[in-house]
Structures are given as structure tokens and as C-alpha cells.
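Chemist: Here you go, query_18.json (JSON, C-alpha atoms):
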```json
[["chain", "number", "residue", "atom", "x", "y", "z"],
["A", 226, "MET", "CA", 74.64, 163.71, 56.81],
["A", 227, "SER", "CA", 78.29, 163.24, 55.89],
["A", 228, "LEU", "CA", 80.76, 161.69, 58.27],
["A", 229, "ARG", "CA", 83.72, 163.29, 59.96],
["A", 230, "PHE", "CA", 86.63, 160.84, 60.02],
["A", 231, "VAL", "CA", 89.34, 160.59, 62.65],
["A", 232, "LEU", "CA", 92.33, 158.29, 62.32],
["A", 233, "ASP", "CA", 93.44, 157.03, 65.73],
["A", 234, "PRO", "CA", 91.17, 159.04, 68.02],
["A", 235, "ASP", "CA", 92.00, 158.96, 71.71],
["A", 236, "LEU", "CA", 90.62, 155.63, 72.93],
["A", 237, "THR", "CA", 88.95, 156.99, 76.03],
["A", 238, "PRO", "CA", 86.82, 154.70, 78.19],
["A", 239, "ALA", "CA", 83.72, 156.36, 76.70],
["A", 240, "LEU", "CA", 84.85, 155.75, 73.10],
["A", 241, "ARG", "CA", 85.76, 152.16, 73.93],
["A", 242, "GLU", "CA", 82.23, 151.60, 75.26],
["A", 243, "GLN", "CA", 80.68, 153.23, 72.20],
["A", 244, "ILE", "CA", 82.70, 151.01, 69.86],
["A", 245, "VAL", "CA", 81.86, 147.86, 71.83],
["A", 246, "ASP", "CA", 78.18, 148.84, 71.68],
["A", 247, "LEU", "CA", 78.48, 149.48, 67.94],
["A", 248, "TRP", "CA", 80.16, 146.09, 67.47],
["A", 249, "VAL", "CA", 77.34, 144.37, 69.39],
["A", 250, "ASP", "CA", 74.66, 146.21, 67.40],
["A", 251, "VAL", "CA", 76.32, 145.40, 64.06],
["A", 252, "THR", "CA", 76.69, 141.72, 64.98],
["A", 253, "ASN", "CA", 73.14, 141.41, 66.25],
["A", 254, "ALA", "CA", 71.86, 142.97, 63.03],
["A", 255, "GLY", "CA", 73.62, 140.21, 61.05],
["A", 256, "GLY", "CA", 76.96, 141.90, 60.40],
["A", 257, "ALA", "CA", 79.96, 139.72, 59.66],
["A", 258, "VAL", "CA", 82.45, 141.20, 62.15],
["A", 259, "GLY", "CA", 83.83, 138.15, 63.92],
["A", 260, "PHE", "CA", 80.81, 136.86, 65.83],
["A", 261, "VAL", "CA", 77.50, 135.14, 65.23],
["A", 262, "ALA", "CA", 74.38, 136.75, 66.69],
["A", 263, "PRO", "CA", 73.16, 137.00, 69.30],
["A", 264, "VAL", "CA", 76.03, 138.54, 71.28],
["A", 265, "SER", "CA", 76.32, 140.74, 74.34],
["A", 266, "THR", "CA", 78.92, 143.27, 75.39],
["A", 267, "ALA", "CA", 80.46, 140.55, 77.57],
["A", 268, "ASP", "CA", 81.03, 138.44, 74.43],
["A", 269, "VAL", "CA", 82.55, 141.26, 72.37],
["A", 270, "ARG", "CA", 84.57, 143.08, 75.03],
["A", 271, "PRO", "CA", 87.58, 140.67, 75.22],
["A", 272, "VAL", "CA", 88.07, 140.73, 71.45],
["A", 273, "ALA", "CA", 87.54, 144.49, 71.37],
["A", 274, "GLU", "CA", 90.06, 145.09, 74.15],
["A", 275, "ALA", "CA", 92.69, 143.00, 72.36],
["A", 276, "THR", "CA", 91.96, 144.95, 69.18],
["A", 277, "PHE", "CA", 92.22, 148.26, 71.05],
["A", 278, "ALA", "CA", 95.55, 147.16, 72.55],
["A", 279, "ALA", "CA", 96.94, 146.53, 69.06],
["A", 280, "VAL", "CA", 95.98, 150.14, 68.25],
["A", 281, "THR", "CA", 97.21, 151.82, 71.45],
["A", 282, "ASP", "CA", 100.41, 149.75, 71.66],
["A", 283, "GLY", "CA", 100.85, 149.54, 67.87],
["A", 284, "PRO", "CA", 101.20, 148.72, 65.11],
["A", 285, "ASP", "CA", 97.50, 148.73, 64.12],
["A", 286, "ARG", "CA", 95.39, 151.83, 63.48],
["A", 287, "MET", "CA", 91.72, 152.68, 63.85],
["A", 288, "LEU", "CA", 89.51, 154.82, 61.62],
["A", 289, "VAL", "CA", 86.29, 156.19, 63.09],
["A", 290, "GLY", "CA", 83.48, 157.96, 61.26],
["A", 291, "TYR", "CA", 81.38, 160.29, 63.38],
["A", 292, "GLU", "CA", 77.91, 161.74, 62.91],
["A", 293, "ALA", "CA", 78.11, 164.77, 65.19],
["A", 294, "ASP", "CA", 79.89, 163.29, 68.24],
["A", 295, "ARG", "CA", 78.59, 159.74, 67.79],
["A", 296, "PRO", "CA", 80.81, 157.06, 66.22],
["A", 297, "VAL", "CA", 78.71, 155.28, 63.59],
["A", 298, "ALA", "CA", 81.41, 153.72, 61.39],
["A", 299, "VAL", "CA", 84.65, 152.01, 62.39],
["A", 300, "LEU", "CA", 87.34, 149.88, 60.85],
["A", 301, "PHE", "CA", 90.78, 148.73, 61.90],
["A", 302, "LEU", "CA", 93.81, 149.04, 59.66],
["A", 303, "ALA", "CA", 95.93, 146.05, 60.61],
["A", 304, "ASP", "CA", 99.64, 145.82, 59.99],
["A", 305, "ASN", "CA", 100.88, 142.52, 58.57],
["A", 306, "ARG", "CA", 103.67, 142.27, 61.16],
["A", 307, "PHE", "CA", 105.95, 140.90, 58.45],
["A", 308, "ASP", "CA", 108.56, 143.01, 56.64],
["A", 309, "LEU", "CA", 107.96, 141.45, 53.23],
["A", 310, "LYS", "CA", 104.31, 142.56, 53.46],
["A", 311, "ALA", "CA", 104.90, 146.03, 54.87],
["A", 312, "HIS", "CA", 103.69, 147.66, 51.63],
["A", 313, "TRP", "CA", 100.06, 146.59, 52.10],
["A", 314, "GLY", "CA", 97.58, 146.38, 54.95],
["A", 315, "ILE", "CA", 94.47, 144.58, 56.09],
["A", 316, "LEU", "CA", 91.11, 146.16, 56.82],
["A", 317, "LYS", "CA", 89.33, 144.43, 59.69],
["A", 318, "ARG", "CA", 85.97, 144.73, 61.43],
["A", 319, "VAL", "CA", 84.40, 147.09, 58.89],
["A", 320, "MET", "CA", 81.32, 148.31, 60.80],
["A", 321, "VAL", "CA", 78.52, 150.78, 60.16],
["A", 322, "HIS", "CA", 75.78, 151.17, 62.74],
["A", 323, "PRO", "CA", 72.60, 149.46, 61.50],
["A", 324, "ALA", "CA", 70.49, 152.57, 62.18],
["A", 325, "THR", "CA", 72.65, 154.57, 59.76],
["A", 326, "GLN", "CA", 73.02, 152.03, 56.97],
["A", 327, "GLY", "CA", 71.82, 153.00, 53.52],
["A", 328, "ARG", "CA", 73.30, 156.49, 53.77],
["A", 329, "GLY", "CA", 76.60, 155.71, 52.06],
["A", 330, "HIS", "CA", 78.59, 155.52, 55.29],
["A", 331, "GLY", "CA", 80.16, 152.15, 54.43],
["A", 332, "GLU", "CA", 81.37, 153.43, 51.08],
["A", 333, "ALA", "CA", 82.65, 156.65, 52.67],
["A", 334, "LEU", "CA", 84.49, 154.66, 55.36],
["A", 335, "MET", "CA", 86.17, 152.42, 52.79],
["A", 336, "ARG", "CA", 87.13, 155.37, 50.57],
["A", 337, "GLU", "CA", 88.64, 157.18, 53.56],
["A", 338, "ALA", "CA", 90.65, 154.07, 54.45],
["A", 339, "ALA", "CA", 91.96, 153.90, 50.88],
["A", 340, "ARG", "CA", 92.81, 157.61, 51.00],
["A", 341, "ARG", "CA", 94.71, 157.21, 54.29],
["A", 342, "ALA", "CA", 96.52, 153.97, 53.41],
["A", 343, "PRO", "CA", 99.39, 155.65, 51.51],
["A", 344, "GLU", "CA", 100.14, 157.68, 54.66],
["A", 345, "LEU", "CA", 100.92, 154.32, 56.28],
["A", 346, "GLY", "CA", 103.19, 153.33, 53.40],
["A", 347, "TRP", "CA", 100.60, 150.97, 51.94],
["A", 348, "ARG", "CA", 100.05, 150.50, 48.21],
["A", 349, "ALA", "CA", 97.28, 147.92, 48.50],
["A", 350, "LEU", "CA", 94.49, 146.83, 50.84],
["A", 351, "HIS", "CA", 93.17, 143.39, 51.71],
["A", 352, "VAL", "CA", 89.85, 142.55, 53.30],
["A", 353, "THR", "CA", 88.21, 139.20, 53.97],
["A", 354, "VAL", "CA", 84.50, 138.73, 53.46],
["A", 355, "ARG", "CA", 82.10, 136.13, 54.86],
["A", 356, "GLY", "CA", 80.48, 134.30, 51.95],
["A", 357, "GLY", "CA", 76.73, 133.90, 51.64],
["A", 358, "LEU", "CA", 75.86, 137.53, 52.37],
["A", 359, "GLY", "CA", 76.65, 139.15, 49.02],
["A", 360, "LEU", "CA", 79.21, 141.46, 50.63],
["A", 361, "GLU", "CA", 81.69, 140.87, 47.84],
["A", 362, "ARG", "CA", 79.47, 142.96, 45.51],
["A", 363, "PHE", "CA", 79.85, 145.97, 47.83],
["A", 364, "TYR", "CA", 83.64, 145.67, 47.83],
["A", 365, "ASP", "CA", 83.74, 145.00, 44.09],
["A", 366, "ARG", "CA", 82.01, 148.36, 43.48],
["A", 367, "LEU", "CA", 84.82, 150.00, 45.46],
["A", 368, "GLY", "CA", 87.58, 148.55, 43.29],
["A", 369, "TYR", "CA", 88.31, 145.35, 45.23],
["A", 370, "ARG", "CA", 88.61, 142.09, 43.38],
["A", 371, "GLU", "CA", 88.34, 138.55, 44.60],
["A", 372, "VAL", "CA", 91.79, 136.98, 44.73],
["A", 373, "GLY", "CA", 90.98, 133.80, 46.59],
["A", 374, "ARG", "CA", 88.38, 131.80, 48.41],
["A", 375, "LEU", "CA", 88.71, 129.37, 51.29],
["A", 376, "PRO", "CA", 85.75, 127.00, 50.95],
["A", 377, "GLY", "CA", 83.87, 126.40, 54.18],
["A", 378, "ALA", "CA", 86.54, 128.16, 56.24],
["A", 379, "LEU", "CA", 84.08, 130.01, 58.48],
["A", 380, "ARG", "CA", 81.78, 128.08, 60.79],
["A", 381, "VAL", "CA", 78.64, 130.17, 61.31],
["A", 382, "ALA", "CA", 76.39, 128.24, 63.69],
["A", 383, "ASP", "CA", 75.73, 124.98, 61.79],
["A", 384, "ASP", "CA", 76.61, 126.46, 58.41],
["A", 385, "ASP", "CA", 80.08, 126.59, 56.89],
["A", 386, "ARG", "CA", 80.73, 129.68, 54.77],
["A", 387, "ASP", "CA", 83.48, 130.56, 52.36],
["A", 388, "GLU", "CA", 86.03, 133.15, 53.38],
["A", 389, "ILE", "CA", 86.48, 135.42, 50.37],
["A", 390, "LEU", "CA", 89.81, 137.21, 50.01],
["A", 391, "MET", "CA", 89.54, 140.62, 48.34],
["A", 392, "TRP", "CA", 92.31, 142.97, 47.20],
["A", 393, "ARG", "CA", 92.54, 146.53, 46.04],
["A", 394, "ASP", "CA", 95.67, 147.86, 44.39],
["A", 395, "LEU", "CA", 95.65, 151.54, 45.30],
["A", 396, "ASP", "CA", 97.58, 152.43, 42.13],
["A", 397, "THR", "CA", 94.46, 151.44, 40.18],
["A", 398, "PRO", "CA", 91.47, 153.82, 40.43],
["A", 399, "ALA", "CA", 88.30, 152.35, 41.95]]
```
Take the structure I supplied and represent it as C-alpha cells, if you would.
Modeler:
Amino acid sequence: MSLRFVLDPDLTPALREQIVDLWVDVTNAGGAVGFVAPVSTADVRPVAEATFAAVTDGPDRMLVGYEADRPVAVLFLADNRFDLKAHWGILKRVMVHPATQGRGHGEALMREAARRAPELGWRALHVTVRGGLGLERFYDRLGYREVGRLPGALRVADDDRDEILMWRDLDTPA
């Protein structure tokens, strides 16, 4: 089933709950979205609410992929908040519900973000990746390239992981 994408849907209380639940499910399935499993809604909610505020109050944006009426893929398009970097943006919290993985939803979500980025005045996208999971191969297939690596920058339980910086120039086809 293909996804229906909405940029900046109305962040109703119900949608907020669905996204927090998605975030919890993704984290607890091993997803690298800012937490280390196990987490609960109480752990995720404060970070989610701050993220939602940056969308509702600006300048960040949110892209949601729906299967029917259920959000199953989400990412945040974060503004750099710095005029000299206004021509590119950051993709954060790239999430696909674990029950729907393997259907191409992650690729579709990333392609939709790249398609929408020029509407925001962006000519390039940046995403950071937690090392040790092989995620950089996924992004590489979508036209991102590694442009830097911070060794041991992420403390995951008792294990330090590299933070991999990836970049996609939107003027170059994926």
C-alpha cells in the first residue's frame, strides 16, 4: 500500500498521541531516533512536545505518511536557525512504524522530503545517522553521501557510537 503524505498536518491531540506512540514503538524496536530502548510514552513525550512546538510555533516542519488514516511514517524538517545556512535543512527523527517496515515506506518518506525541500527554499538536506546499525547504506542508496563522522559521539547504553553526517545536494539526482 502506498503512503499519502501530508506536510504540516494539524497537530491535534489525537495525532500527537499517535506520533508519540509511533516514536515509542520505533525506539523499542531498535530505531535510532534519539532514545535507547526500552522507553515509555512518559520518556518520549517531553521531547516530542518540544519538537511539536518547533513545528506549531515555527520554523520547523513535519512530514507524515499515512496508510489510510494511520500515521506510519514521520520526519521533521528542521530549520538551521542561521541565515548563512538558510539554503539547506536538516531531517530529524526519521521514523517508520516497525509493523510496516520492508514495504518501501522509509524510501518513500525520504523521497517526499527531498521533493518538498525546494518549497522551503532548500537546495540540500542533512541527516545524522547512528553508527553501528548500517543505516548509512540506506541513505547512500537515496543519494546521500557521508561528509563527516564524529567518533564515539553518541553514548548508547555502555557503547559509544559514531555520529555519521550525511548530505544530499538536491541539484544532483539520487
Chemist: Looking at all atoms listed in the file, which of A:Arg328, A:His312, A:Arg286, A:Arg318 is the one that sits closest to Val249 (chain A)?
Modeler: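 Selected residue with least distance to Val249 (chain A): A:Arg318.
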Chemist: In Å, how far is it from CA of Val297 (chain A) to CA of Glu371 (chain A)?
Modeler: 27.1 Å
Chemist: Could you give me the centre and size, in Å to one decimal, of an axis-aligned box around all listed atoms of region 357-375 of chain A with 5 Å added on every side, as AutoDock Vina command-line options?
Modeler:
```
--center_x 83.8 --center_y 139.7 --center_z 47.8 --size_x 25.9 --size_y 30.6 --size_z 19.1
```
Chemist: In terms of the shortest atom-to-atom distance over all atoms listed in the file, which of A:Trp313, A:Gly327, A:Asp285, A:Asp294 is closest to Ala239 (chain A)?
Modeler: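 When distances to Ala239 (chain A) are compared using all atoms listed in the file, the smallest one comes from A:Asp294.
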Chemist: Under the rule that all atoms listed in the file are counted, which of A:Phe277, A:Phe260, A:Trp347, A:Phe230 is the nearest residue to Asn305 (chain A)?
Modeler: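 Checking each candidate against Asn305 (chain A), we get A:Trp347 as the closest.
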Chemist: Name the residues in contact with Gly256 (chain A) at a cut-off of 12 Å, using all atoms listed in the file, excluding same-chain residues fewer than 3 positions from it; report them as a PDB file with C-alpha atoms, keeping the file's coordinate frame.
Modeler:
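Contents of part29.pdb, as written:
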```pdb
ATOM      1  CA  LEU A 247      78.480 149.480  67.940  1.00  0.00           C
ATOM      2  CA  TRP A 248      80.160 146.090  67.470  1.00  0.00           C
ATOM      3  CA  VAL A 249      77.340 144.370  69.390  1.00  0.00           C
ATOM      4  CA  ASP A 250      74.660 146.210  67.400  1.00  0.00           C
ATOM      5  CA  VAL A 251      76.320 145.400  64.060  1.00  0.00           C
ATOM      6  CA  THR A 252      76.690 141.720  64.980  1.00  0.00           C
ATOM      7  CA  ASN A 253      73.140 141.410  66.250  1.00  0.00           C
ATOM      8  CA  GLY A 259      83.830 138.150  63.920  1.00  0.00           C
ATOM      9  CA  PHE A 260      80.810 136.860  65.830  1.00  0.00           C
ATOM     10  CA  VAL A 261      77.500 135.140  65.230  1.00  0.00           C
ATOM     11  CA  ALA A 262      74.380 136.750  66.690  1.00  0.00           C
ATOM     12  CA  PRO A 263      73.160 137.000  69.300  1.00  0.00           C
ATOM     13  CA  VAL A 264      76.030 138.540  71.280  1.00  0.00           C
ATOM     14  CA  ARG A 318      85.970 144.730  61.430  1.00  0.00           C
ATOM     15  CA  VAL A 319      84.400 147.090  58.890  1.00  0.00           C
ATOM     16  CA  MET A 320      81.320 148.310  60.800  1.00  0.00           C
ATOM     17  CA  VAL A 321      78.520 150.780  60.160  1.00  0.00           C
ATOM     18  CA  HIS A 322      75.780 151.170  62.740  1.00  0.00           C
ATOM     19  CA  PRO A 323      72.600 149.460  61.500  1.00  0.00           C
ATOM     20  CA  GLN A 326      73.020 152.030  56.970  1.00  0.00           C
ATOM     21  CA  VAL A 354      84.500 138.730  53.460  1.00  0.00           C
ATOM     22  CA  ARG A 355      82.100 136.130  54.860  1.00  0.00           C
ATOM     23  CA  GLY A 356      80.480 134.300  51.950  1.00  0.00           C
ATOM     24  CA  GLY A 357      76.730 133.900  51.640  1.00  0.00           C
ATOM     25  CA  LEU A 358      75.860 137.530  52.370  1.00  0.00           C
ATOM     26  CA  GLY A 359      76.650 139.150  49.020  1.00  0.00           C
ATOM     27  CA  LEU A 360      79.210 141.460  50.630  1.00  0.00           C
ATOM     28  CA  VAL A 381      78.640 130.170  61.310  1.00  0.00           C
TER      29      VAL A 381
END
```
Chemist: What does the distance from CA of Arg370 (chain A) to CA of His351 (chain A) come to in Å, to one decimal?
Modeler: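 Those two atoms sit 9.6 Å apart.
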Chemist: Would you mind telling me which residue in A:Ala382, A:Leu232, A:Val258, A:Val269 lies nearest to Val352 (chain A) when using only C-alpha atoms?
Modeler: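 So, comparing all the options, the nearest one is A:Val258.
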Chemist: Using all atoms listed in the file, pick whichever of A:Leu334, A:Asp282, A:Ala324, A:Gly290 has the shortest atom-to-atom distance to Ala254 (chain A).
Modeler: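 Closest residue, counting all atoms listed in the file: A:Ala324.
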Chemist: Starting from the point (93.9, 150.1, 66.8), work out which residues of protein, DNA or RNA have an atom no more than 12 Å away when counting all atoms listed in the file; state them as a short mmCIF file (atom, residue, chain, number, x, y, z; two decimals) with C-alpha atoms, in the coordinates of the input.
Modeler:
```
data_model
loop_
_atom_site.label_atom_id
_atom_site.label_comp_id
_atom_site.auth_asym_id
_atom_site.auth_seq_id
_atom_site.Cartn_x
_atom_site.Cartn_y
_atom_site.Cartn_z
CA LEU A 232 92.33 158.29 62.32
CA ASP A 233 93.44 157.03 65.73
CA PRO A 234 91.17 159.04 68.02
CA ASP A 235 92.00 158.96 71.71
CA LEU A 236 90.62 155.63 72.93
CA ARG A 241 85.76 152.16 73.93
CA ILE A 244 82.70 151.01 69.86
CA VAL A 272 88.07 140.73 71.45
CA ALA A 273 87.54 144.49 71.37
CA GLU A 274 90.06 145.09 74.15
CA ALA A 275 92.69 143.00 72.36
CA THR A 276 91.96 144.95 69.18
CA PHE A 277 92.22 148.26 71.05
CA ALA A 278 95.55 147.16 72.55
CA ALA A 279 96.94 146.53 69.06
CA VAL A 280 95.98 150.14 68.25
CA THR A 281 97.21 151.82 71.45
CA ASP A 282 100.41 149.75 71.66
CA GLY A 283 100.85 149.54 67.87
CA PRO A 284 101.20 148.72 65.11
CA ASP A 285 97.50 148.73 64.12
CA ARG A 286 95.39 151.83 63.48
CA MET A 287 91.72 152.68 63.85
CA LEU A 288 89.51 154.82 61.62
CA VAL A 289 86.29 156.19 63.09
CA VAL A 299 84.65 152.01 62.39
CA LEU A 300 87.34 149.88 60.85
CA PHE A 301 90.78 148.73 61.90
CA LEU A 302 93.81 149.04 59.66
CA ALA A 303 95.93 146.05 60.61
CA ASP A 304 99.64 145.82 59.99
CA LEU A 316 91.11 146.16 56.82
CA LYS A 317 89.33 144.43 59.69
CA ARG A 318 85.97 144.73 61.43
#
```
Chemist: I'd like to know which of A:Ala298, A:Pro238, A:Asp396, A:Phe307 is closest to Glu337 (chain A), using all atoms listed in the file.
Modeler: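 So, comparing all the options, the nearest one is A:Ala298.
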